[in-house]
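Trainee: Data: model35.txt, compact mmCIF, C-alpha atoms.
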```txt
# COMPACT_ATOMS: atom_id res chain seq x y z
CA MET A 295 -35.18 34.19 3.05
CA LYS A 296 -32.64 31.41 2.70
CA ILE A 297 -29.06 31.97 3.76
CA ALA A 298 -25.92 29.86 3.31
CA ILE A 299 -23.02 29.79 5.81
CA SER A 300 -19.65 28.18 5.07
CA SER A 301 -19.12 25.69 7.89
CA GLU A 302 -16.20 23.69 9.28
CA GLY A 303 -18.50 20.85 10.39
CA ASN A 304 -22.05 19.57 10.15
CA THR A 305 -23.44 20.57 13.56
CA LEU A 306 -24.79 23.81 15.03
CA SER A 307 -21.73 24.04 17.28
CA SER A 308 -19.38 23.97 14.25
CA LYS A 309 -17.56 27.20 13.45
CA ILE A 310 -17.97 29.27 10.32
CA ASP A 311 -15.27 28.27 7.81
CA PRO A 312 -13.00 31.17 6.80
CA HIS A 313 -12.85 29.89 3.17
CA PHE A 314 -15.81 30.09 0.86
CA GLY A 315 -14.91 27.80 -2.07
CA ARG A 316 -13.36 24.85 -0.24
CA CYS A 317 -15.31 24.73 3.02
CA PRO A 318 -16.34 21.15 3.93
CA TYR A 319 -20.02 22.01 4.54
CA PHE A 320 -22.59 24.67 3.90
CA ALA A 321 -25.24 25.34 6.53
CA PHE A 322 -28.52 26.44 4.91
CA TYR A 323 -30.88 28.36 7.19
CA ASP A 324 -34.42 29.35 6.25
CA THR A 325 -35.50 32.47 8.20
CA GLU A 326 -39.20 31.75 7.56
CA THR A 327 -39.40 28.11 8.66
CA GLY A 328 -36.45 28.23 11.08
CA ASN A 329 -35.02 25.04 9.54
CA THR A 330 -31.30 24.42 9.24
CA ALA A 331 -29.71 21.85 6.92
CA PHE A 332 -26.03 20.92 6.58
CA LEU A 333 -24.92 19.77 3.14
CA ILE A 334 -21.48 18.63 1.98
CA ASN A 335 -19.87 21.20 -0.32
CA PRO A 336 -19.44 19.30 -3.61
CA ALA A 337 -16.77 21.82 -4.69
CA LYS A 338 -14.38 21.23 -1.79
CA GLU A 339 -12.11 18.76 -3.62
CA VAL A 340 -12.21 19.87 -7.25
CA THR A 341 -8.78 20.60 -8.75
CA SER A 342 -9.66 24.00 -10.13
CA GLY A 343 -12.56 26.43 -10.00
CA ALA A 344 -13.77 25.53 -6.49
CA GLY A 345 -15.16 29.05 -5.98
CA PRO A 346 -17.44 29.13 -9.04
CA ALA A 347 -18.55 25.55 -8.37
CA ALA A 348 -19.51 26.50 -4.80
CA VAL A 349 -21.41 29.54 -6.14
CA GLN A 350 -23.27 27.24 -8.50
CA PHE A 351 -24.12 24.92 -5.59
CA ILE A 352 -25.48 27.57 -3.21
CA ALA A 353 -27.28 29.46 -6.02
CA SER A 354 -29.07 26.22 -6.97
CA LYS A 355 -30.44 26.20 -3.38
CA LYS A 356 -31.92 29.67 -4.04
CA VAL A 357 -30.13 31.50 -1.26
CA GLU A 358 -30.31 35.29 -1.09
CA LYS A 359 -27.42 35.76 1.29
CA VAL A 360 -24.12 34.00 2.00
CA LEU A 361 -21.83 34.29 5.02
CA SER A 362 -18.15 33.35 5.02
CA GLY A 363 -14.75 34.58 6.17
CA GLU A 364 -13.55 35.58 2.72
CA PHE A 365 -14.76 35.91 -0.85
CA GLY A 366 -12.26 36.01 -3.72
CA LEU A 367 -12.36 38.70 -6.40
CA LYS A 368 -13.91 36.50 -9.10
CA ILE A 369 -16.44 35.11 -6.66
CA ARG A 370 -17.59 38.55 -5.57
CA SER A 371 -18.53 39.61 -9.10
CA LEU A 372 -20.30 36.28 -9.71
CA LEU A 373 -22.35 36.53 -6.52
CA GLU A 374 -23.23 40.13 -7.36
CA SER A 375 -24.45 39.16 -10.81
CA LEU A 376 -26.66 36.52 -9.18
CA ASN A 377 -27.98 39.06 -6.63
CA ILE A 378 -26.66 37.05 -3.69
CA GLU A 379 -25.63 39.32 -0.84
CA MET A 380 -22.28 38.67 0.89
CA GLN A 381 -21.57 39.08 4.59
CA HIS A 382 -18.23 38.59 6.33
CA GLU A 383 -18.14 36.75 9.66
CA HIS A 384 -15.29 35.26 11.69
CA ASP A 385 -14.87 32.80 14.56
CA LYS A 386 -18.58 32.42 15.38
CA THR A 387 -20.45 29.13 15.59
CA ILE A 388 -23.28 28.36 13.18
CA SER A 389 -25.85 28.61 16.01
CA GLU A 390 -24.53 32.03 17.08
CA ILE A 391 -24.91 33.29 13.51
CA ILE A 392 -28.41 31.85 13.20
CA GLU A 393 -29.40 33.57 16.48
CA GLN A 394 -28.53 36.95 14.92
CA PHE A 395 -31.02 36.31 12.14
CA LYS A 396 -33.72 35.16 14.59
CA ASN A 397 -33.43 38.43 16.54
CA GLN A 398 -33.81 40.64 13.50
CA MET B 152 20.67 18.63 -29.60
CA LYS B 153 18.52 20.23 -26.92
CA ILE B 154 19.86 20.86 -23.40
CA ALA B 155 17.53 22.14 -20.68
CA ILE B 156 18.95 24.08 -17.75
CA ALA B 157 16.57 23.59 -14.83
CA SER B 158 16.20 23.59 -11.06
CA GLY B 159 13.45 22.92 -8.56
CA LYS B 160 14.36 25.93 -6.47
CA GLY B 161 14.26 29.42 -7.92
CA GLY B 162 17.32 31.65 -7.79
CA THR B 163 19.91 28.85 -8.00
CA GLY B 164 21.47 30.17 -11.21
CA LYS B 165 19.59 28.69 -14.19
CA THR B 166 19.81 31.88 -16.22
CA PHE B 167 23.42 32.41 -15.13
CA VAL B 168 24.38 28.95 -16.43
CA SER B 169 22.22 29.20 -19.59
CA THR B 170 23.54 32.59 -20.68
CA ASN B 171 27.15 31.52 -20.05
CA LEU B 172 26.76 28.25 -21.95
CA PHE B 173 25.14 30.16 -24.82
CA TRP B 174 27.87 32.77 -24.98
CA THR B 175 30.61 30.14 -24.78
CA ALA B 176 29.08 27.88 -27.46
CA GLN B 177 28.55 30.69 -29.97
CA HIS B 178 32.02 32.05 -29.18
CA PHE B 179 33.54 28.72 -30.21
CA GLY B 180 31.59 28.75 -33.47
CA ILE B 181 28.66 26.50 -32.61
CA PRO B 182 25.38 27.91 -34.01
CA THR B 183 23.27 28.08 -30.86
CA THR B 184 19.76 29.10 -29.88
CA LEU B 185 18.98 30.01 -26.28
CA ILE B 186 15.26 29.86 -25.50
CA ASP B 187 13.97 31.65 -22.42
CA CYS B 188 11.20 29.23 -21.48
CA ASP B 189 10.44 30.99 -18.20
CA ALA B 190 7.46 32.65 -19.87
CA GLU B 191 6.05 34.01 -16.62
CA GLU B 192 9.24 35.94 -15.90
CA PRO B 193 11.67 35.95 -18.84
CA ASN B 194 15.01 37.63 -18.09
CA VAL B 195 17.61 36.22 -20.51
CA ARG B 196 17.47 39.46 -22.49
CA GLU B 197 18.72 41.38 -19.47
CA PHE B 198 22.08 39.76 -20.29
CA LEU B 199 22.10 39.13 -24.03
CA ASP B 200 21.14 41.60 -26.70
CA GLY B 201 20.14 40.93 -30.28
CA GLU B 202 18.19 42.31 -33.17
CA GLU B 203 14.49 41.53 -33.15
CA GLN B 204 13.67 39.40 -36.18
CA LEU B 205 10.21 37.99 -35.64
CA VAL B 206 7.30 38.50 -33.25
CA GLU B 207 4.56 35.90 -33.02
CA HIS B 208 1.47 36.07 -30.87
CA VAL B 209 0.10 32.97 -29.19
CA TYR B 210 -3.63 32.58 -28.77
CA GLN B 211 -6.01 30.24 -27.06
CA ASN B 212 -9.67 29.74 -27.82
CA VAL B 213 -12.15 30.83 -25.21
CA PRO B 214 -15.79 29.84 -25.66
CA HIS B 215 -18.50 32.45 -25.89
CA ILE B 216 -22.10 31.35 -25.50
CA ASP B 217 -24.61 32.76 -27.99
CA PRO B 218 -27.69 33.68 -25.92
CA GLU B 219 -29.93 33.41 -29.02
CA LYS B 220 -29.00 29.78 -29.69
CA CYS B 221 -28.45 28.48 -26.14
CA THR B 222 -31.27 26.25 -24.87
CA PHE B 223 -29.85 26.08 -21.32
CA CYS B 224 -29.49 22.30 -21.56
CA GLY B 225 -26.29 22.46 -19.49
CA LYS B 226 -24.36 19.85 -21.46
CA CYS B 227 -21.38 22.21 -21.98
CA ALA B 228 -21.07 22.85 -18.23
CA GLU B 229 -21.34 19.12 -17.57
CA TYR B 230 -18.52 18.37 -20.06
CA CYS B 231 -16.23 21.09 -18.62
CA ASN B 232 -13.66 19.51 -16.33
CA TYR B 233 -12.40 22.84 -14.99
CA ASN B 234 -15.60 24.44 -13.66
CA ALA B 235 -15.14 27.17 -16.24
CA ILE B 236 -18.85 27.32 -17.12
CA LEU B 237 -21.21 28.45 -14.41
CA PHE B 238 -24.70 27.16 -15.15
CA LEU B 239 -27.93 27.72 -13.20
CA PRO B 240 -30.85 26.24 -15.16
CA GLU B 241 -33.60 27.75 -13.00
CA ASN B 242 -32.19 31.26 -13.29
CA ARG B 243 -31.49 30.70 -17.02
CA PHE B 244 -27.97 31.84 -16.16
CA ILE B 245 -24.88 30.64 -18.03
CA LYS B 246 -21.46 32.25 -17.96
CA VAL B 247 -17.97 31.32 -19.17
CA LEU B 248 -15.19 32.04 -16.66
CA SER B 249 -12.38 32.53 -19.17
CA ASP B 250 -9.62 32.53 -16.51
CA LEU B 251 -10.41 28.90 -15.72
CA CYS B 252 -10.72 27.75 -19.36
CA HIS B 253 -8.02 25.30 -20.53
CA ASP B 254 -9.00 25.47 -24.22
CA CYS B 255 -9.81 21.75 -24.35
CA GLY B 256 -12.76 22.19 -26.72
CA ALA B 257 -15.08 19.85 -24.80
CA CYS B 258 -17.86 22.47 -24.54
CA SER B 259 -18.07 23.07 -28.30
CA TYR B 260 -18.04 19.29 -28.82
CA ALA B 261 -20.86 18.93 -26.27
CA CYS B 262 -23.14 21.64 -27.66
CA GLU B 263 -25.79 20.33 -30.07
CA TYR B 264 -27.18 23.79 -30.88
CA GLU B 265 -24.03 25.52 -32.22
CA ALA B 266 -24.34 27.99 -29.36
CA VAL B 267 -20.68 27.71 -28.31
CA ILE B 268 -18.53 30.05 -30.38
CA GLU B 269 -14.76 29.87 -29.96
CA GLN B 270 -13.13 33.28 -29.69
CA LYS B 271 -9.39 33.99 -29.81
CA LYS B 272 -7.68 35.38 -26.73
CA GLN B 273 -4.00 36.35 -26.78
CA ILE B 274 -2.11 34.54 -24.04
CA GLY B 275 1.47 35.34 -24.94
CA THR B 276 4.20 36.39 -27.35
CA VAL B 277 7.26 34.66 -28.80
CA LYS B 278 10.09 36.88 -30.02
CA ILE B 279 13.12 35.77 -32.00
CA PHE B 280 16.32 37.81 -31.82
CA ASP B 281 19.36 37.49 -34.06
CA PHE B 282 22.47 37.50 -31.86
CA ASP B 283 25.31 37.65 -34.35
CA GLY B 284 24.01 36.38 -37.66
CA PHE B 285 24.47 32.74 -36.64
CA SER B 286 23.00 32.34 -33.18
CA HIS B 287 19.54 33.23 -31.89
CA ILE B 288 17.75 34.10 -28.69
CA ILE B 289 14.07 33.24 -28.39
CA GLU B 290 11.95 34.74 -25.65
CA SER B 291 8.60 33.36 -24.53
CA ARG B 292 6.41 35.75 -22.57
CA SER B 293 2.92 35.01 -21.30
CA GLU B 294 0.33 37.68 -20.63
CA VAL B 295 -0.33 38.61 -17.00
CA GLY B 296 -3.08 36.49 -15.43
CA VAL B 297 -2.86 33.61 -17.92
CA TYR B 298 -3.68 30.29 -16.25
CA SER B 299 -0.90 28.27 -17.92
CA PRO B 300 2.07 29.41 -20.02
CA VAL B 301 2.60 25.92 -21.50
CA SER B 302 1.37 26.67 -25.03
CA VAL B 303 3.55 29.81 -25.20
CA ILE B 304 6.59 27.74 -24.15
CA LYS B 305 5.82 25.01 -26.70
CA LYS B 306 5.50 27.58 -29.47
CA ALA B 307 8.87 29.12 -28.52
CA ILE B 308 10.63 25.73 -28.61
CA LYS B 309 9.08 24.96 -32.01
CA GLU B 310 10.55 28.14 -33.46
CA ALA B 311 14.18 27.04 -32.88
CA ASP B 312 16.35 25.94 -35.78
CA PRO B 313 16.74 22.14 -35.30
CA GLN B 314 20.29 22.33 -36.72
CA HIS B 315 21.36 24.50 -33.79
CA LEU B 316 22.56 23.56 -30.34
CA ILE B 317 19.40 24.46 -28.45
CA LEU B 318 19.59 25.60 -24.82
CA LEU B 319 16.36 25.80 -22.82
CA ASP B 320 16.34 28.12 -19.80
CA THR B 321 13.63 26.26 -17.89
CA PRO B 322 11.00 27.70 -15.53
CA PRO B 323 11.57 26.89 -11.83
CA GLY B 324 9.60 24.23 -9.96
CA ILE B 325 8.40 20.87 -11.24
CA SER B 326 4.90 21.71 -12.46
CA CYS B 327 3.54 21.83 -16.04
CA PRO B 328 5.84 24.62 -17.38
CA PHE B 329 8.90 22.64 -16.18
CA VAL B 330 7.65 19.35 -17.64
CA ALA B 331 6.67 21.00 -20.96
CA THR B 332 10.26 22.26 -21.29
CA VAL B 333 12.36 19.29 -20.11
CA GLU B 334 10.32 16.71 -22.03
CA GLN B 335 11.68 18.34 -25.22
CA ALA B 336 15.30 18.05 -24.06
CA ASP B 337 17.91 15.35 -24.77
CA PHE B 338 19.83 16.20 -21.61
CA ILE B 339 19.01 18.23 -18.50
CA ILE B 340 21.44 20.22 -16.36
CA LEU B 341 20.03 20.71 -12.89
CA VAL B 342 21.50 23.73 -11.14
CA ALA B 343 21.50 23.20 -7.39
CA GLU B 344 22.51 25.15 -4.32
CA PRO B 345 24.37 23.24 -1.55
CA THR B 346 21.81 24.21 1.10
CA PRO B 347 19.07 22.17 2.85
CA PHE B 348 16.41 23.95 0.79
CA GLY B 349 18.47 23.39 -2.37
CA LEU B 350 18.77 19.67 -1.64
CA HIS B 351 15.06 19.33 -0.91
CA ASP B 352 14.11 20.84 -4.28
CA LEU B 353 16.88 18.95 -6.12
CA LYS B 354 15.34 15.68 -4.90
CA LEU B 355 11.96 16.73 -6.30
CA SER B 356 13.47 17.61 -9.69
CA VAL B 357 15.44 14.35 -9.83
CA SER B 358 12.39 12.21 -9.06
CA THR B 359 10.42 14.01 -11.80
CA LEU B 360 13.22 13.53 -14.37
CA ARG B 361 13.51 9.85 -13.44
CA GLN B 362 9.80 9.40 -14.11
CA LEU B 363 10.29 11.11 -17.48
CA GLN B 364 13.33 8.84 -18.07
CA LYS B 365 15.57 11.74 -19.04
CA PRO B 366 19.38 11.79 -18.66
CA PHE B 367 20.67 14.55 -16.40
CA GLY B 368 23.63 15.90 -14.47
CA VAL B 369 24.07 18.51 -11.77
CA ILE B 370 25.92 21.80 -11.54
CA VAL B 371 26.39 22.97 -7.96
CA ASN B 372 26.31 26.75 -7.90
CA LYS B 373 27.38 28.93 -4.96
CA SER B 374 29.57 26.11 -3.65
CA GLY B 375 31.02 26.93 -0.25
CA LEU B 376 27.58 27.95 1.02
CA GLY B 377 25.59 25.62 3.26
CA ASN B 378 26.88 22.11 3.88
CA ARG B 379 28.06 18.87 2.19
CA ALA B 380 24.66 17.14 2.15
CA VAL B 381 24.02 17.80 -1.56
CA TYR B 382 27.39 16.24 -2.51
CA GLN B 383 26.79 13.17 -0.33
CA TRP B 384 23.35 12.70 -1.81
CA LEU B 385 24.67 13.01 -5.39
CA ASP B 386 27.35 10.45 -4.56
CA GLU B 387 24.95 7.98 -2.96
CA ASN B 388 22.60 8.24 -5.93
CA LYS B 389 25.38 8.09 -8.55
CA ILE B 390 24.32 11.38 -10.16
CA PRO B 391 27.10 13.04 -12.18
CA LEU B 392 28.38 16.34 -10.79
CA LEU B 393 29.21 18.30 -13.94
CA LEU B 394 30.66 21.41 -12.34
CA GLU B 395 31.00 23.40 -9.15
CA ILE B 396 30.80 27.18 -9.32
CA PRO B 397 32.13 28.87 -6.18
CA PHE B 398 30.16 31.32 -4.07
CA ASP B 399 32.18 34.30 -5.17
CA LYS B 400 31.53 38.03 -4.86
CA ASP B 401 33.19 38.76 -8.21
CA ILE B 402 30.88 36.35 -10.02
CA ALA B 403 27.87 37.93 -8.30
CA ARG B 404 29.09 41.42 -9.23
CA THR B 405 29.58 40.49 -12.90
CA TYR B 406 26.10 38.96 -13.02
CA SER B 407 24.47 41.92 -11.25
CA GLU B 408 25.98 44.24 -13.85
CA GLY B 409 24.26 42.21 -16.58
CA LYS B 410 27.60 40.90 -17.90
CA ILE B 411 28.49 37.39 -19.02
CA LEU B 412 31.17 35.77 -16.83
CA SER B 413 32.48 33.62 -19.66
CA GLN B 414 33.04 36.72 -21.81
CA GLU B 415 34.80 38.58 -18.99
CA ASN B 416 36.89 35.73 -17.59
CA GLU B 417 38.89 33.33 -19.75
CA ALA B 418 39.29 30.71 -17.02
CA TYR B 419 35.52 30.37 -16.71
CA ARG B 420 35.15 30.35 -20.49
CA LYS B 421 37.28 27.18 -20.53
CA ILE B 422 35.25 25.66 -17.70
CA PHE B 423 31.93 26.25 -19.50
CA GLN B 424 33.50 24.88 -22.69
CA GLN B 425 34.37 21.68 -20.82
CA VAL B 426 30.77 21.34 -19.63
CA LEU B 427 29.54 21.70 -23.21
CA ASN B 428 32.04 19.05 -24.34
CA ILE B 429 30.90 16.61 -21.65
CA MET B 430 27.27 16.94 -22.66
CA MET B 431 27.81 16.77 -26.38
CA HIS B 432 30.05 13.76 -25.84
CA THR B 433 27.44 12.06 -23.60
CA HIS B 434 24.85 12.63 -26.27
CA TRP B 435 26.87 11.33 -29.20
CA SER B 436 28.29 8.29 -27.41
```
Would you write out, as structure tokens, the structure that this file holds?
Mentor:
Amino acid sequence: MKIAISSEGNTLSSKIDPHFGRCPYFAFYDTETGNTAFLINPAKEVTSGAGPAAVQFIASKKVEKVLSGEFGLKIRSLLESLNIEMQHEHDKTISEIIEQFKNQ
Amino acid sequence: MKIAIASGKGGTGKTFVSTNLFWTAQHFGIPTTLIDCDAEEPNVREFLDGEEQLVEHVYQNVPHIDPEKCTFCGKCAEYCNYNAILFLPENRFIKVLSDLCHDCGACSYACEYEAVIEQKKQIGTVKIFDFDGFSHIIESRSEVGVYSPVSVIKKAIKEADPQHLILLDTPPGISCPFVATVEQADFIILVAEPTPFGLHDLKLSVSTLRQLQKPFGVIVNKSGLGNRAVYQWLDENKIPLLLEIPFDKDIARTYSEGKILSQENEAYRKIFQQVLNIMMHTHWS
């Protein structure tokens, strides 16, 4: 399964970003291969509709789960209609979050 | 002639000044129309009554995508500048997010398969009230959750009789609703509060009006509050101070009771009349 995590930076020691739509990076983690990739969020600087644009970006990477601090109302219904599961996390680093998935 | 009554900061007294100028002008026999352009929170009618004459609904087009005709080429989403079309080619997923749509029409222009159908969505209402047989009140009111009230405001301004003295009670701030209102005006009255916050927002309004190259003057409301910084700044920048209205409990009481100061108090009626004279004189000269 592929998961996306909103990230403040592009390293494993970066913290999860509390905002979904305008986070600077997304960390993509593949639970099967154990690979992690950091990609710039193309939606972070758009004038309007950052949330939907970020949904489009992560959905195009075929993720099944997304972790962030917050998801807006419109975003929640969009992610649900795309069958992408949402999980709230705060203050943790990307590597700490990935560890949780390794231990499952 | 169109006069906009505006301010950067909310709560400085735009509606107080607009309703008093309206009452004074019509009292002295000038056919006047007061337009409540604050479509997101109209309140002029809390103070001035009138008989409803006309109700017009304002619509915008929102695209709907016909799943039978759509080929999932993605051109509509590519043309949309507002991220209002969510498109995932591999999932064969396409969805219009109507809250983000600006009704620019680019998606229907882009579509080569006639799959984009424009549907009407009501975004607001314009109501015209007859005040006394000669003067009118026009209220713009946008629906809750509408992205921009600009088209509702424009429609309201269009409805005014061009022969009238037209007063525009402008939305606060300096964003699109403010610009859409003041750009229609021949003269702008900025209502300011003599406080640090008031001065900060006055500067923003002035720099916007200068870019728009519009003539303006300032009414200081609640004078006696705060400090002298607003007056010094007006002086240094050679901006005309049209009037000072004192920070006075009686004025506040009259306003809170939904009454018009100019109607209740003859001294103020004369003062508002002078303001009208100054502006009409500035315009004609």
Trainee: Report as a list in words all protein, DNA and RNA residues lying within 7 Å of region 357-365 of chain A, evaluated on all atoms listed in the file, omitting residues in the same chain fewer than 4 positions from it.
Mentor: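 In the requested format, the answer is Met295, Lys296, Ile297, Ala298, Ile299, Ser300, Ile310, Asp311, Pro312, His313, Phe314, Ile352, Ala353, Ile369, Arg370, Ile378, Glu379, Met380, Gln381, His382, Glu383 and His384 of chain A.
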Trainee: Produce a file of the selected residues containing C-alpha atoms, as a PDB file, in the frame of the given file.
Mentor:
```pdb
ATOM      1  CA  MET A 295     -35.180  34.190   3.050  1.00  0.00           C
ATOM      2  CA  LYS A 296     -32.640  31.410   2.700  1.00  0.00           C
ATOM      3  CA  ILE A 297     -29.060  31.970   3.760  1.00  0.00           C
ATOM      4  CA  ALA A 298     -25.920  29.860   3.310  1.00  0.00           C
ATOM      5  CA  ILE A 299     -23.020  29.790   5.810  1.00  0.00           C
ATOM      6  CA  SER A 300     -19.650  28.180   5.070  1.00  0.00           C
ATOM      7  CA  ILE A 310     -17.970  29.270  10.320  1.00  0.00           C
ATOM      8  CA  ASP A 311     -15.270  28.270   7.810  1.00  0.00           C
ATOM      9  CA  PRO A 312     -13.000  31.170   6.800  1.00  0.00           C
ATOM     10  CA  HIS A 313     -12.850  29.890   3.170  1.00  0.00           C
ATOM     11  CA  PHE A 314     -15.810  30.090   0.860  1.00  0.00           C
ATOM     12  CA  ILE A 352     -25.480  27.570  -3.210  1.00  0.00           C
ATOM     13  CA  ALA A 353     -27.280  29.460  -6.020  1.00  0.00           C
ATOM     14  CA  ILE A 369     -16.440  35.110  -6.660  1.00  0.00           C
ATOM     15  CA  ARG A 370     -17.590  38.550  -5.570  1.00  0.00           C
ATOM     16  CA  ILE A 378     -26.660  37.050  -3.690  1.00  0.00           C
ATOM     17  CA  GLU A 379     -25.630  39.320  -0.840  1.00  0.00           C
ATOM     18  CA  MET A 380     -22.280  38.670   0.890  1.00  0.00           C
ATOM     19  CA  GLN A 381     -21.570  39.080   4.590  1.00  0.00           C
ATOM     20  CA  HIS A 382     -18.230  38.590   6.330  1.00  0.00           C
ATOM     21  CA  GLU A 383     -18.140  36.750   9.660  1.00  0.00           C
ATOM     22  CA  HIS A 384     -15.290  35.260  11.690  1.00  0.00           C
TER      23      HIS A 384
END
```
Trainee: Could you name the residues that touch region 169-181 of chain B at 8 Å or less, counting all atoms listed in the file, but leaving out those on the same chain fewer than 3 positions away, as a list of chain:residue names?
Mentor: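 These residues fall inside the cut-off: B:Ile156, B:Lys165, B:Thr166, B:Thr184, B:Leu185, B:Val195, B:Phe198, B:Leu199, B:Ser286, B:His315, B:Leu316, B:Leu318, B:Leu319, B:Asp320, B:Ile411, B:Leu412, B:Ser413, B:Gln414, B:Arg420, B:Phe423, B:Gln424, B:Leu427.
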Trainee: One number please: CA of Glu390 (chain A) to CA of Ile334 (chain A), in Å, one decimal.
Mentor: 20.4 Å
Trainee: Please find the residues of chain B near chain A - the criterion being any atom within 9 Å, counting all atoms listed in the file - and write them as a list in words.
Mentor: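 So the residues of chain B near chain A are Asn232, Tyr233, Asn234, Ala235, Ile236, Leu237, Phe238, Leu239, Pro240, Glu241, Asn242, Phe244, Leu248 and Leu251 of chain B.
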Trainee: Select, counting only C-alpha atoms, all protein, DNA and RNA residues no farther than 12 Å from (-2.1, 31.9, -31.9) in file coordinates, and express the selection as a list in words.
Mentor: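 The distance filter leaves exactly Val206, Glu207, His208, Val209, Tyr210, Gln211, Asn212, Gln270, Lys271, Lys272, Gln273, Ile274, Gly275, Thr276, Val277, Ser302, Val303, Lys305, Lys306 and Ala307 of chain B.
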Trainee: Skip Glu269 (chain B) itself and residues of its chain fewer than 4 positions away, then list as a PyMOL selection string all residues within 7 Å of it, counting only C-alpha atoms.
Mentor: chain B and resi 212-215
Trainee: Work out how far CA of Ala155 (chain B) is from CA of Phe338 (chain B), in Å to one decimal.
Mentor: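 Going from CA of Phe338 (chain B) over to CA of Ala155 (chain B), I get 6.4 Å.
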Trainee: Between CA of Val247 (chain B) and CA of Lys355 (chain A), what is the distance in Å, rounded to a tenth?
Mentor: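 Going from CA of Val247 (chain B) over to CA of Lys355 (chain A), I get 20.8 Å.
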Trainee: For region 283-301 of chain B, what centre and edge lengths in Å (one decimal) does the axis-aligned box get once 3 Å is added on each side of all its listed atoms, as AutoDock Vina command-line options?
Mentor:
```
--center_x 10.8 --center_y 32.3 --center_z -26.5 --size_x 35.0 --size_y 18.7 --size_z 28.2
```
Trainee: Could you check the closest approach to Ile340 (chain B) for each of B:Val381, B:Ala403, B:Val168, B:Leu205 and tell me which residue wins, using only C-alpha atoms?
Mentor: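 Among the listed residues, the smallest separation from Ile340 (chain B) belongs to B:Val168.
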